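Visitor: Sharing a structure with you now.
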Amino acid sequence: MSGLESTGSTTADLIAGALMALGALLVLLGSIGINRFPHFYSRLHAAGVIDTLASGVFLLGVGVFFGVGLVSVKLLLIFVFLLFTSPTACHALARAAFISGLRDDSRRADANTSEAIITKADNA
Amino acid sequence: MKHTVSLSLFLALLWWVLSGYPKPLLLGLGAVTVIFTVWLAHRLDVIDHESHPIHFSWPLLRFWTRLLVEIARSSIQVLGQILRGQSAIQPKFLHVKTQQHSALGRVILGNAITLTPGTVTVLTNGGEFVVHALSKESAKSVEDGELDALIPQDVEGERV
(Lines give C-alpha, C1' and ligand atoms only; values in the text may rest on other atoms or scores of the structure.)
Protein backbone atom coordinates (compact mmCIF):
# COMPACT_ATOMS: atom_id res chain seq x y z
CA MET A 1 0.00 0.00 0.00
CA SER A 2 2.67 2.44 -1.06
CA GLY A 3 0.07 5.04 -1.99
CA LEU A 4 -0.96 5.69 1.61
CA GLU A 5 2.55 6.46 2.84
CA SER A 6 3.68 8.64 -0.04
CA THR A 7 3.69 12.33 0.83
CA GLY A 8 4.66 14.07 -2.39
CA SER A 9 2.97 13.27 -5.68
CA THR A 10 4.88 10.70 -7.69
CA THR A 11 4.41 9.85 -11.37
CA ALA A 12 2.18 6.93 -10.37
CA ASP A 13 -0.02 9.26 -8.31
CA LEU A 14 -0.36 11.60 -11.26
CA ILE A 15 -1.34 8.77 -13.60
CA ALA A 16 -3.79 7.48 -10.97
CA GLY A 17 -5.30 10.94 -10.56
CA ALA A 18 -5.60 11.40 -14.32
CA LEU A 19 -7.32 8.01 -14.74
CA MET A 20 -9.77 8.72 -11.89
CA ALA A 21 -10.54 12.16 -13.33
CA LEU A 22 -11.12 10.57 -16.75
CA GLY A 23 -13.43 7.99 -15.12
CA ALA A 24 -15.40 10.76 -13.42
CA LEU A 25 -15.65 12.64 -16.73
CA LEU A 26 -16.97 9.49 -18.44
CA VAL A 27 -19.62 9.08 -15.72
CA LEU A 28 -20.64 12.70 -16.33
CA LEU A 29 -20.84 12.15 -20.11
CA GLY A 30 -22.87 8.98 -19.60
CA SER A 31 -25.29 10.88 -17.36
CA ILE A 32 -25.62 13.60 -19.99
CA GLY A 33 -26.42 10.85 -22.50
CA ILE A 34 -29.13 9.39 -20.25
CA ASN A 35 -30.81 12.80 -20.15
CA ARG A 36 -30.18 13.67 -23.77
CA PHE A 37 -31.27 10.55 -25.64
CA PRO A 38 -34.94 9.99 -26.42
CA HIS A 39 -36.82 6.86 -25.32
CA PHE A 40 -36.05 4.18 -22.80
CA TYR A 41 -33.85 1.91 -24.94
CA SER A 42 -31.46 4.65 -26.18
CA ARG A 43 -30.97 5.80 -22.60
CA LEU A 44 -30.05 2.26 -21.63
CA HIS A 45 -27.09 2.42 -24.03
CA ALA A 46 -25.82 5.65 -22.46
CA ALA A 47 -25.98 3.98 -19.04
CA GLY A 48 -23.98 1.09 -20.52
CA VAL A 49 -20.99 3.37 -21.03
CA ILE A 50 -20.96 4.14 -17.29
CA ASP A 51 -21.26 0.44 -16.41
CA THR A 52 -18.26 -0.65 -18.44
CA LEU A 53 -15.76 1.97 -19.63
CA ALA A 54 -16.22 4.55 -16.85
CA SER A 55 -16.10 2.04 -13.98
CA GLY A 56 -13.16 0.23 -15.63
CA VAL A 57 -11.07 3.40 -16.07
CA PHE A 58 -11.88 4.59 -12.54
CA LEU A 59 -11.00 1.26 -10.92
CA LEU A 60 -7.79 1.15 -12.98
CA GLY A 61 -6.91 4.58 -11.55
CA VAL A 62 -7.52 3.38 -7.98
CA GLY A 63 -5.45 0.27 -8.78
CA VAL A 64 -2.50 2.38 -10.00
CA PHE A 65 -2.75 4.48 -6.82
CA PHE A 66 -2.44 1.48 -4.49
CA GLY A 67 0.05 -0.47 -6.62
CA VAL A 68 0.17 -4.24 -7.05
CA GLY A 69 -1.10 -6.05 -3.95
CA LEU A 70 -4.19 -7.31 -2.17
CA VAL A 71 -6.07 -4.08 -2.92
CA SER A 72 -5.54 -4.35 -6.68
CA VAL A 73 -6.73 -7.98 -6.63
CA LYS A 74 -9.89 -6.83 -4.82
CA LEU A 75 -10.39 -4.08 -7.41
CA LEU A 76 -10.00 -6.62 -10.21
CA LEU A 77 -12.65 -8.78 -8.50
CA ILE A 78 -15.00 -5.78 -8.30
CA PHE A 79 -14.50 -5.18 -12.04
CA VAL A 80 -15.15 -8.84 -12.88
CA PHE A 81 -18.33 -8.85 -10.75
CA LEU A 82 -19.47 -5.69 -12.56
CA LEU A 83 -18.84 -7.38 -15.92
CA PHE A 84 -21.26 -10.15 -14.89
CA THR A 85 -23.94 -8.21 -13.00
CA SER A 86 -24.39 -5.02 -15.04
CA PRO A 87 -25.40 -6.74 -18.33
CA THR A 88 -27.77 -8.96 -16.34
CA ALA A 89 -29.53 -5.95 -14.83
CA CYS A 90 -29.52 -4.16 -18.19
CA HIS A 91 -31.02 -7.18 -19.97
CA ALA A 92 -33.65 -7.62 -17.23
CA LEU A 93 -34.75 -3.98 -17.69
CA ALA A 94 -34.83 -4.20 -21.50
CA ARG A 95 -36.66 -7.52 -21.49
CA ALA A 96 -39.26 -6.29 -19.00
CA ALA A 97 -39.84 -3.17 -21.12
CA PHE A 98 -40.12 -5.19 -24.33
CA ILE A 99 -42.54 -7.73 -22.87
CA SER A 100 -44.66 -4.90 -21.42
CA GLY A 101 -45.06 -3.78 -25.03
CA LEU A 102 -42.74 -0.76 -25.04
CA ARG A 103 -41.40 0.05 -28.51
CA ASP A 104 -39.54 3.21 -29.39
CA ASP A 105 -39.54 5.18 -32.63
CA SER A 106 -38.99 2.01 -34.62
CA ARG A 107 -42.53 0.95 -33.72
CA ARG A 108 -43.94 0.92 -37.24
CA ALA A 109 -41.09 -1.05 -38.79
CA ASP A 110 -40.86 -3.74 -36.15
CA ALA A 111 -44.16 -4.13 -34.35
CA ASN A 112 -45.37 -7.11 -36.35
CA THR A 113 -42.22 -9.21 -36.23
CA SER A 114 -41.56 -8.41 -32.56
CA GLU A 115 -45.05 -9.43 -31.54
CA ALA A 116 -44.74 -12.62 -33.55
CA ILE A 117 -41.60 -13.45 -31.58
CA ILE A 118 -43.33 -12.83 -28.26
CA THR A 119 -46.26 -15.02 -29.25
CA LYS A 120 -43.81 -17.74 -30.29
CA ALA A 121 -41.94 -17.40 -26.98
CA ASP A 122 -45.19 -17.55 -25.00
CA ASN A 123 -46.34 -20.67 -26.77
CA ALA A 124 -43.02 -22.46 -26.34
CA MET B 1 -15.57 -34.44 -7.27
CA LYS B 2 -12.94 -32.32 -9.03
CA HIS B 3 -15.46 -29.47 -9.10
CA THR B 4 -15.89 -29.74 -5.32
CA VAL B 5 -12.11 -29.63 -4.75
CA SER B 6 -11.74 -26.72 -7.15
CA LEU B 7 -14.60 -24.82 -5.49
CA SER B 8 -13.02 -25.30 -2.04
CA LEU B 9 -9.65 -24.03 -3.26
CA PHE B 10 -11.28 -21.07 -5.01
CA LEU B 11 -13.29 -20.12 -1.89
CA ALA B 12 -10.21 -20.45 0.34
CA LEU B 13 -8.24 -18.18 -2.02
CA LEU B 14 -11.11 -15.70 -2.10
CA TRP B 15 -11.28 -15.60 1.71
CA TRP B 16 -7.55 -15.00 1.92
CA VAL B 17 -7.62 -12.24 -0.71
CA LEU B 18 -10.57 -10.48 0.92
CA SER B 19 -9.25 -10.76 4.49
CA GLY B 20 -5.48 -10.47 4.03
CA TYR B 21 -4.68 -11.25 7.68
CA PRO B 22 -2.60 -14.40 8.34
CA LYS B 23 -3.92 -14.67 11.96
CA PRO B 24 -4.80 -18.23 13.11
CA LEU B 25 -8.27 -17.16 14.34
CA LEU B 26 -9.23 -15.58 11.01
CA LEU B 27 -7.75 -18.44 8.94
CA GLY B 28 -9.66 -20.90 11.18
CA LEU B 29 -12.91 -18.99 10.68
CA GLY B 30 -12.16 -19.01 6.94
CA ALA B 31 -11.71 -22.79 6.92
CA VAL B 32 -15.02 -23.27 8.77
CA THR B 33 -16.79 -20.90 6.35
CA VAL B 34 -15.36 -22.65 3.28
CA ILE B 35 -16.38 -26.10 4.58
CA PHE B 36 -19.89 -24.85 5.44
CA THR B 37 -20.32 -23.18 2.04
CA VAL B 38 -19.13 -26.22 0.10
CA TRP B 39 -21.42 -28.46 2.18
CA LEU B 40 -24.34 -26.11 1.51
CA ALA B 41 -23.58 -26.00 -2.23
CA HIS B 42 -23.31 -29.77 -2.27
CA ARG B 43 -26.65 -30.14 -0.46
CA LEU B 44 -28.25 -27.76 -3.00
CA ASP B 45 -26.67 -29.83 -5.76
CA VAL B 46 -25.46 -26.74 -7.59
CA ILE B 47 -21.80 -27.71 -8.07
CA ASP B 48 -21.38 -28.63 -11.70
CA HIS B 49 -19.66 -27.55 -14.89
CA GLU B 50 -22.09 -24.69 -15.47
CA SER B 51 -22.02 -23.03 -12.04
CA HIS B 52 -18.32 -23.61 -11.56
CA PRO B 53 -16.49 -23.95 -14.88
CA ILE B 54 -12.91 -25.14 -14.46
CA HIS B 55 -12.37 -25.85 -18.12
CA PHE B 56 -9.87 -23.24 -19.29
CA SER B 57 -9.09 -22.62 -22.91
CA TRP B 58 -6.94 -20.18 -24.82
CA PRO B 59 -9.73 -19.35 -27.28
CA LEU B 60 -11.84 -18.21 -24.31
CA LEU B 61 -9.02 -15.89 -23.19
CA ARG B 62 -8.79 -14.55 -26.75
CA PHE B 63 -12.54 -13.94 -26.69
CA TRP B 64 -12.29 -11.98 -23.41
CA THR B 65 -9.43 -9.85 -24.71
CA ARG B 66 -11.32 -9.13 -27.92
CA LEU B 67 -14.45 -8.30 -25.89
CA LEU B 68 -12.55 -5.72 -23.79
CA VAL B 69 -11.22 -4.09 -26.98
CA GLU B 70 -14.73 -4.11 -28.45
CA ILE B 71 -16.13 -2.50 -25.24
CA ALA B 72 -13.56 0.30 -25.38
CA ARG B 73 -14.13 0.88 -29.12
CA SER B 74 -17.93 1.03 -28.95
CA SER B 75 -17.86 3.08 -25.72
CA ILE B 76 -15.94 5.79 -27.54
CA GLN B 77 -18.43 5.53 -30.41
CA VAL B 78 -21.40 5.96 -28.04
CA LEU B 79 -19.64 8.87 -26.27
CA GLY B 80 -19.33 10.61 -29.64
CA GLN B 81 -23.03 10.05 -30.27
CA ILE B 82 -23.89 11.44 -26.82
CA LEU B 83 -21.98 14.62 -27.65
CA ARG B 84 -23.61 14.96 -31.07
CA GLY B 85 -27.09 14.33 -29.66
CA GLN B 86 -30.23 12.78 -31.10
CA SER B 87 -29.31 13.36 -34.73
CA ALA B 88 -26.38 10.94 -34.44
CA ILE B 89 -28.43 7.88 -33.47
CA GLN B 90 -30.75 5.55 -35.37
CA PRO B 91 -32.16 3.23 -32.70
CA LYS B 92 -33.78 0.02 -33.94
CA PHE B 93 -34.50 -3.59 -33.08
CA LEU B 94 -32.62 -6.36 -34.87
CA HIS B 95 -33.23 -10.06 -35.17
CA VAL B 96 -29.97 -11.96 -35.11
CA LYS B 97 -29.35 -15.69 -35.51
CA THR B 98 -26.58 -17.14 -33.36
CA GLN B 99 -24.23 -20.04 -34.13
CA GLN B 100 -24.17 -21.06 -30.46
CA HIS B 101 -25.64 -24.48 -29.75
CA SER B 102 -25.02 -24.66 -26.00
CA ALA B 103 -27.01 -22.80 -23.35
CA LEU B 104 -23.79 -21.45 -21.85
CA GLY B 105 -22.53 -20.27 -25.25
CA ARG B 106 -25.76 -18.33 -25.78
CA VAL B 107 -25.54 -16.78 -22.31
CA ILE B 108 -21.95 -15.71 -23.03
CA LEU B 109 -22.98 -14.16 -26.35
CA GLY B 110 -26.07 -12.42 -24.91
CA ASN B 111 -24.00 -10.99 -22.07
CA ALA B 112 -21.24 -9.89 -24.45
CA ILE B 113 -23.75 -8.05 -26.66
CA THR B 114 -25.30 -6.30 -23.65
CA LEU B 115 -21.88 -5.49 -22.20
CA THR B 116 -20.84 -3.73 -25.42
CA PRO B 117 -22.28 -0.20 -25.25
CA GLY B 118 -24.67 0.54 -28.12
CA THR B 119 -26.26 -2.91 -28.19
CA VAL B 120 -28.53 -4.68 -25.69
CA THR B 121 -29.90 -8.22 -25.89
CA VAL B 122 -33.62 -7.76 -25.29
CA LEU B 123 -35.08 -11.22 -25.83
CA THR B 124 -33.82 -14.67 -26.71
CA ASN B 125 -35.92 -17.22 -28.49
CA GLY B 126 -34.04 -20.40 -29.26
CA GLY B 127 -31.17 -19.52 -31.57
CA GLU B 128 -32.63 -16.11 -32.38
CA PHE B 129 -31.83 -12.97 -30.38
CA VAL B 130 -33.80 -9.73 -30.41
CA VAL B 131 -31.17 -7.00 -30.02
CA HIS B 132 -31.68 -3.27 -29.65
CA ALA B 133 -29.00 -1.20 -31.36
CA LEU B 134 -28.36 2.51 -30.83
CA SER B 135 -26.95 3.30 -34.27
CA LYS B 136 -26.20 1.84 -37.69
CA GLU B 137 -22.58 1.17 -36.67
CA SER B 138 -23.49 -0.76 -33.53
CA ALA B 139 -26.18 -2.67 -35.44
CA LYS B 140 -23.59 -3.67 -38.02
CA SER B 141 -21.16 -5.02 -35.41
CA VAL B 142 -23.85 -7.40 -34.12
CA GLU B 143 -25.05 -8.41 -37.57
CA ASP B 144 -21.50 -9.27 -38.63
CA GLY B 145 -21.43 -11.78 -35.76
CA GLU B 146 -17.73 -11.24 -34.97
CA LEU B 147 -18.14 -11.96 -31.25
CA ASP B 148 -20.39 -14.92 -32.03
CA ALA B 149 -17.64 -16.50 -34.15
CA LEU B 150 -15.03 -15.98 -31.42
CA ILE B 151 -16.86 -17.92 -28.68
CA PRO B 152 -15.14 -21.31 -28.43
CA GLN B 153 -17.48 -24.07 -29.60
CA ASP B 154 -16.26 -26.38 -26.86
CA VAL B 155 -17.64 -24.37 -23.91
CA GLU B 156 -19.10 -26.77 -21.41
CA GLY B 157 -22.84 -26.83 -21.00
CA GLU B 158 -26.10 -28.37 -21.96
CA ARG B 159 -26.71 -28.68 -25.69
CA VAL B 160 -29.94 -27.14 -26.88
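As shown in the C-alpha coordinates, the chain order sets the letters A, B, ...; within each chain, residues go from 1, and ligands are also counted from 1 in the order they appear.
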At a cut-off of 10 Å, can you tabulate as JSON lines every residue of chain B near chain A together with its closest atom pair and the distance in Å to one decimal, using only C-alpha atoms and ordering rows by chain then number?
Guide:
```
{"residue": "B:Leu14", "atom": "CA", "partner": "A:Lys74", "partner_atom": "CA", "distance": 9.4}
{"residue": "B:Trp16", "atom": "CA", "partner": "A:Leu70", "partner_atom": "CA", "distance": 9.3}
{"residue": "B:Val17", "atom": "CA", "partner": "A:Leu70", "partner_atom": "CA", "distance": 6.2}
{"residue": "B:Leu18", "atom": "CA", "partner": "A:Lys74", "partner_atom": "CA", "distance": 6.8}
{"residue": "B:Ser19", "atom": "CA", "partner": "A:Leu70", "partner_atom": "CA", "distance": 9.0}
{"residue": "B:Gly20", "atom": "CA", "partner": "A:Leu70", "partner_atom": "CA", "distance": 7.1}
{"residue": "B:Leu68", "atom": "CA", "partner": "A:Leu53", "partner_atom": "CA", "distance": 9.3}
{"residue": "B:Ile71", "atom": "CA", "partner": "A:Leu53", "partner_atom": "CA", "distance": 7.2}
{"residue": "B:Ala72", "atom": "CA", "partner": "A:Leu53", "partner_atom": "CA", "distance": 6.4}
{"residue": "B:Arg73", "atom": "CA", "partner": "A:Leu53", "partner_atom": "CA", "distance": 9.7}
{"residue": "B:Ser74", "atom": "CA", "partner": "A:Val49", "partner_atom": "CA", "distance": 8.8}
{"residue": "B:Ser75", "atom": "CA", "partner": "A:Val49", "partner_atom": "CA", "distance": 5.6}
{"residue": "B:Ile76", "atom": "CA", "partner": "A:Val49", "partner_atom": "CA", "distance": 8.6}
{"residue": "B:Gln77", "atom": "CA", "partner": "A:Val49", "partner_atom": "CA", "distance": 10.0}
{"residue": "B:Val78", "atom": "CA", "partner": "A:Ala46", "partner_atom": "CA", "distance": 7.1}
{"residue": "B:Leu79", "atom": "CA", "partner": "A:Leu29", "partner_atom": "CA", "distance": 7.1}
{"residue": "B:Gly80", "atom": "CA", "partner": "A:Leu29", "partner_atom": "CA", "distance": 9.8}
{"residue": "B:Gln81", "atom": "CA", "partner": "A:Gly33", "partner_atom": "CA", "distance": 8.5}
{"residue": "B:Ile82", "atom": "CA", "partner": "A:Gly33", "partner_atom": "CA", "distance": 5.0}
{"residue": "B:Leu83", "atom": "CA", "partner": "A:Gly33", "partner_atom": "CA", "distance": 7.8}
{"residue": "B:Arg84", "atom": "CA", "partner": "A:Arg36", "partner_atom": "CA", "distance": 9.9}
{"residue": "B:Gly85", "atom": "CA", "partner": "A:Arg36", "partner_atom": "CA", "distance": 6.7}
{"residue": "B:Gln86", "atom": "CA", "partner": "A:Phe37", "partner_atom": "CA", "distance": 6.0}
{"residue": "B:Ser87", "atom": "CA", "partner": "A:Phe37", "partner_atom": "CA", "distance": 9.7}
{"residue": "B:Ile89", "atom": "CA", "partner": "A:Ser42", "partner_atom": "CA", "distance": 8.5}
{"residue": "B:Gln90", "atom": "CA", "partner": "A:Ser106", "partner_atom": "CA", "distance": 9.0}
{"residue": "B:Pro91", "atom": "CA", "partner": "A:Ser42", "partner_atom": "CA", "distance": 6.7}
{"residue": "B:Lys92", "atom": "CA", "partner": "A:Ser106", "partner_atom": "CA", "distance": 5.6}
{"residue": "B:Phe93", "atom": "CA", "partner": "A:Asp110", "partner_atom": "CA", "distance": 7.1}
{"residue": "B:Leu94", "atom": "CA", "partner": "A:Asp110", "partner_atom": "CA", "distance": 8.7}
{"residue": "B:His95", "atom": "CA", "partner": "A:Ser114", "partner_atom": "CA", "distance": 8.9}
{"residue": "B:Ile108", "atom": "CA", "partner": "A:Phe84", "partner_atom": "CA", "distance": 9.9}
{"residue": "B:Gly110", "atom": "CA", "partner": "A:Pro87", "partner_atom": "CA", "distance": 8.7}
{"residue": "B:Asn111", "atom": "CA", "partner": "A:Pro87", "partner_atom": "CA", "distance": 5.8}
{"residue": "B:Ala112", "atom": "CA", "partner": "A:Pro87", "partner_atom": "CA", "distance": 8.0}
{"residue": "B:Ile113", "atom": "CA", "partner": "A:Pro87", "partner_atom": "CA", "distance": 8.6}
{"residue": "B:Thr114", "atom": "CA", "partner": "A:Pro87", "partner_atom": "CA", "distance": 5.3}
{"residue": "B:Leu115", "atom": "CA", "partner": "A:Pro87", "partner_atom": "CA", "distance": 5.4}
{"residue": "B:Thr116", "atom": "CA", "partner": "A:Gly48", "partner_atom": "CA", "distance": 7.6}
{"residue": "B:Pro117", "atom": "CA", "partner": "A:Gly48", "partner_atom": "CA", "distance": 5.2}
{"residue": "B:Gly118", "atom": "CA", "partner": "A:His45", "partner_atom": "CA", "distance": 5.1}
{"residue": "B:Thr119", "atom": "CA", "partner": "A:His45", "partner_atom": "CA", "distance": 6.8}
{"residue": "B:Val120", "atom": "CA", "partner": "A:His91", "partner_atom": "CA", "distance": 6.7}
{"residue": "B:Thr121", "atom": "CA", "partner": "A:His91", "partner_atom": "CA", "distance": 6.1}
{"residue": "B:Val122", "atom": "CA", "partner": "A:Arg95", "partner_atom": "CA", "distance": 4.9}
{"residue": "B:Leu123", "atom": "CA", "partner": "A:Arg95", "partner_atom": "CA", "distance": 5.9}
{"residue": "B:Thr124", "atom": "CA", "partner": "A:Ala121", "partner_atom": "CA", "distance": 8.6}
{"residue": "B:Asn125", "atom": "CA", "partner": "A:Ala121", "partner_atom": "CA", "distance": 6.2}
{"residue": "B:Gly126", "atom": "CA", "partner": "A:Ala121", "partner_atom": "CA", "distance": 8.8}
{"residue": "B:Glu128", "atom": "CA", "partner": "A:Ile117", "partner_atom": "CA", "distance": 9.4}
{"residue": "B:Phe129", "atom": "CA", "partner": "A:Ile117", "partner_atom": "CA", "distance": 9.9}
{"residue": "B:Val130", "atom": "CA", "partner": "A:Ser114", "partner_atom": "CA", "distance": 8.2}
{"residue": "B:Val131", "atom": "CA", "partner": "A:Ala94", "partner_atom": "CA", "distance": 9.7}
{"residue": "B:His132", "atom": "CA", "partner": "A:Tyr41", "partner_atom": "CA", "distance": 7.3}
{"residue": "B:Ala133", "atom": "CA", "partner": "A:Ser42", "partner_atom": "CA", "distance": 8.2}
{"residue": "B:Leu134", "atom": "CA", "partner": "A:Ser42", "partner_atom": "CA", "distance": 6.0}
{"residue": "B:Ser135", "atom": "CA", "partner": "A:Ser42", "partner_atom": "CA", "distance": 9.4}
```
Visitor: By how many Å are CA of Leu44 (chain B) and CA of Val107 (chain B) apart?
Guide: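 Pair CA of Leu44 (chain B) / CA of Val107 (chain B) returns 22.4 Å.
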Visitor: Return the single residue from B:Ile47, B:Ala149, B:Val32, B:Leu40 that is closest to Leu7 (chain B), with distances computed using only C-alpha atoms.
Guide: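 Going through B:Ile47, B:Ala149, B:Val32, B:Leu40 one by one, the smallest distance to Leu7 (chain B) is for B:Ile47.
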Visitor: Within 12 Å of Val62 (chain A), counting only C-alpha atoms, which residues qualify if same-chain residues fewer than 6 places away don't, as a ChimeraX atom specification?
Guide: /A:1,3-4,12-23,55-56,68,71-76,78-79
Visitor: Save out the residues we just selected, N, CA and C atoms, as a PDB file, in the first residue's frame.
Guide:
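The resulting again-v7.pdb:
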```
ATOM      1  N   MET A   1       0.843  -1.204   0.000  1.00  0.00           N
ATOM      2  CA  MET A   1       0.000   0.000   0.000  1.00  0.00           C
ATOM      3  C   MET A   1       0.866   1.238   0.000  1.00  0.00           C
ATOM      4  N   GLY A   3       0.774   3.794  -1.764  1.00  0.00           N
ATOM      5  CA  GLY A   3       0.072   5.045  -1.992  1.00  0.00           C
ATOM      6  C   GLY A   3      -0.248   5.787  -0.714  1.00  0.00           C
ATOM      7  N   LEU A   4      -0.531   5.029   0.380  1.00  0.00           N
ATOM      8  CA  LEU A   4      -0.964   5.687   1.609  1.00  0.00           C
ATOM      9  C   LEU A   4       0.181   6.413   2.290  1.00  0.00           C
ATOM     10  N   ALA A  12       3.292   7.868 -10.477  1.00  0.00           N
ATOM     11  CA  ALA A  12       2.175   6.925 -10.366  1.00  0.00           C
ATOM     12  C   ALA A  12       0.929   7.634  -9.853  1.00  0.00           C
ATOM     13  N   ASP A  13       1.124   8.525  -8.867  1.00  0.00           N
ATOM     14  CA  ASP A  13      -0.017   9.264  -8.312  1.00  0.00           C
ATOM     15  C   ASP A  13      -0.678  10.138  -9.372  1.00  0.00           C
ATOM     16  N   LEU A  14       0.181  10.744 -10.200  1.00  0.00           N
ATOM     17  CA  LEU A  14      -0.356  11.603 -11.256  1.00  0.00           C
ATOM     18  C   LEU A  14      -1.167  10.797 -12.261  1.00  0.00           C
ATOM     19  N   ILE A  15      -0.611   9.637 -12.663  1.00  0.00           N
ATOM     20  CA  ILE A  15      -1.337   8.774 -13.602  1.00  0.00           C
ATOM     21  C   ILE A  15      -2.655   8.337 -12.971  1.00  0.00           C
ATOM     22  N   ALA A  16      -2.588   7.929 -11.669  1.00  0.00           N
ATOM     23  CA  ALA A  16      -3.788   7.482 -10.971  1.00  0.00           C
ATOM     24  C   ALA A  16      -4.836   8.587 -10.947  1.00  0.00           C
ATOM     25  N   GLY A  17      -4.377   9.806 -10.614  1.00  0.00           N
ATOM     26  CA  GLY A  17      -5.297  10.937 -10.561  1.00  0.00           C
ATOM     27  C   GLY A  17      -5.927  11.221 -11.905  1.00  0.00           C
ATOM     28  N   ALA A  18      -5.095  11.146 -12.968  1.00  0.00           N
ATOM     29  CA  ALA A  18      -5.601  11.404 -14.317  1.00  0.00           C
ATOM     30  C   ALA A  18      -6.647  10.369 -14.707  1.00  0.00           C
ATOM     31  N   LEU A  19      -6.375   9.080 -14.391  1.00  0.00           N
ATOM     32  CA  LEU A  19      -7.316   8.014 -14.745  1.00  0.00           C
ATOM     33  C   LEU A  19      -8.640   8.184 -13.989  1.00  0.00           C
ATOM     34  N   MET A  20      -8.545   8.544 -12.680  1.00  0.00           N
ATOM     35  CA  MET A  20      -9.773   8.718 -11.891  1.00  0.00           C
ATOM     36  C   MET A  20     -10.570   9.920 -12.399  1.00  0.00           C
ATOM     37  N   ALA A  21      -9.852  10.984 -12.782  1.00  0.00           N
ATOM     38  CA  ALA A  21     -10.542  12.156 -13.327  1.00  0.00           C
ATOM     39  C   ALA A  21     -11.234  11.810 -14.636  1.00  0.00           C
ATOM     40  N   LEU A  22     -10.529  11.012 -15.482  1.00  0.00           N
ATOM     41  CA  LEU A  22     -11.121  10.575 -16.751  1.00  0.00           C
ATOM     42  C   LEU A  22     -12.368   9.725 -16.491  1.00  0.00           C
ATOM     43  N   GLY A  23     -12.271   8.818 -15.483  1.00  0.00           N
ATOM     44  CA  GLY A  23     -13.426   7.994 -15.120  1.00  0.00           C
ATOM     45  C   GLY A  23     -14.610   8.842 -14.712  1.00  0.00           C
ATOM     46  N   SER A  55     -16.485   2.749 -15.209  1.00  0.00           N
ATOM     47  CA  SER A  55     -16.103   2.039 -13.983  1.00  0.00           C
ATOM     48  C   SER A  55     -14.740   1.383 -14.160  1.00  0.00           C
ATOM     49  N   GLY A  56     -14.447   0.867 -15.376  1.00  0.00           N
ATOM     50  CA  GLY A  56     -13.164   0.235 -15.634  1.00  0.00           C
ATOM     51  C   GLY A  56     -12.017   1.212 -15.495  1.00  0.00           C
ATOM     52  N   VAL A  68       0.525  -2.824  -7.018  1.00  0.00           N
ATOM     53  CA  VAL A  68       0.171  -4.242  -7.055  1.00  0.00           C
ATOM     54  C   VAL A  68       0.127  -4.795  -5.637  1.00  0.00           C
ATOM     55  N   VAL A  71      -5.039  -5.044  -2.526  1.00  0.00           N
ATOM     56  CA  VAL A  71      -6.069  -4.082  -2.920  1.00  0.00           C
ATOM     57  C   VAL A  71      -6.360  -4.177  -4.416  1.00  0.00           C
ATOM     58  N   SER A  72      -5.296  -4.309  -5.239  1.00  0.00           N
ATOM     59  CA  SER A  72      -5.541  -4.351  -6.677  1.00  0.00           C
ATOM     60  C   SER A  72      -6.267  -5.639  -7.073  1.00  0.00           C
ATOM     61  N   VAL A  73      -5.993  -6.737  -6.335  1.00  0.00           N
ATOM     62  CA  VAL A  73      -6.731  -7.977  -6.625  1.00  0.00           C
ATOM     63  C   VAL A  73      -8.211  -7.788  -6.309  1.00  0.00           C
ATOM     64  N   LYS A  74      -8.491  -7.105  -5.183  1.00  0.00           N
ATOM     65  CA  LYS A  74      -9.887  -6.828  -4.818  1.00  0.00           C
ATOM     66  C   LYS A  74     -10.571  -5.960  -5.878  1.00  0.00           C
ATOM     67  N   LEU A  75      -9.826  -4.949  -6.369  1.00  0.00           N
ATOM     68  CA  LEU A  75     -10.390  -4.075  -7.406  1.00  0.00           C
ATOM     69  C   LEU A  75     -10.696  -4.854  -8.679  1.00  0.00           C
ATOM     70  N   LEU A  76      -9.783  -5.780  -9.030  1.00  0.00           N
ATOM     71  CA  LEU A  76      -9.998  -6.617 -10.213  1.00  0.00           C
ATOM     72  C   LEU A  76     -11.271  -7.451 -10.026  1.00  0.00           C
ATOM     73  N   ILE A  78     -13.852  -6.682  -8.159  1.00  0.00           N
ATOM     74  CA  ILE A  78     -15.002  -5.782  -8.300  1.00  0.00           C
ATOM     75  C   ILE A  78     -15.343  -5.594  -9.771  1.00  0.00           C
ATOM     76  N   PHE A  79     -14.278  -5.391 -10.600  1.00  0.00           N
ATOM     77  CA  PHE A  79     -14.495  -5.176 -12.036  1.00  0.00           C
ATOM     78  C   PHE A  79     -15.126  -6.414 -12.677  1.00  0.00           C
TER      79      PHE A  79
END
```
Visitor: Taking only C-alpha atoms into account, which of B:Val38, B:Leu25, B:Ala88, B:Leu150 comes nearest Glu137 (chain B)?
Guide: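 Under the stated criterion, the closest residue is B:Ala88.
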Visitor: Have a look at CA of Ala24 (chain A) and CA of Phe40 (chain A) and let me know their distance in Å, one decimal.
Guide: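 Atom-to-atom, CA of Ala24 (chain A) and CA of Phe40 (chain A) are spaced 23.6 Å apart.
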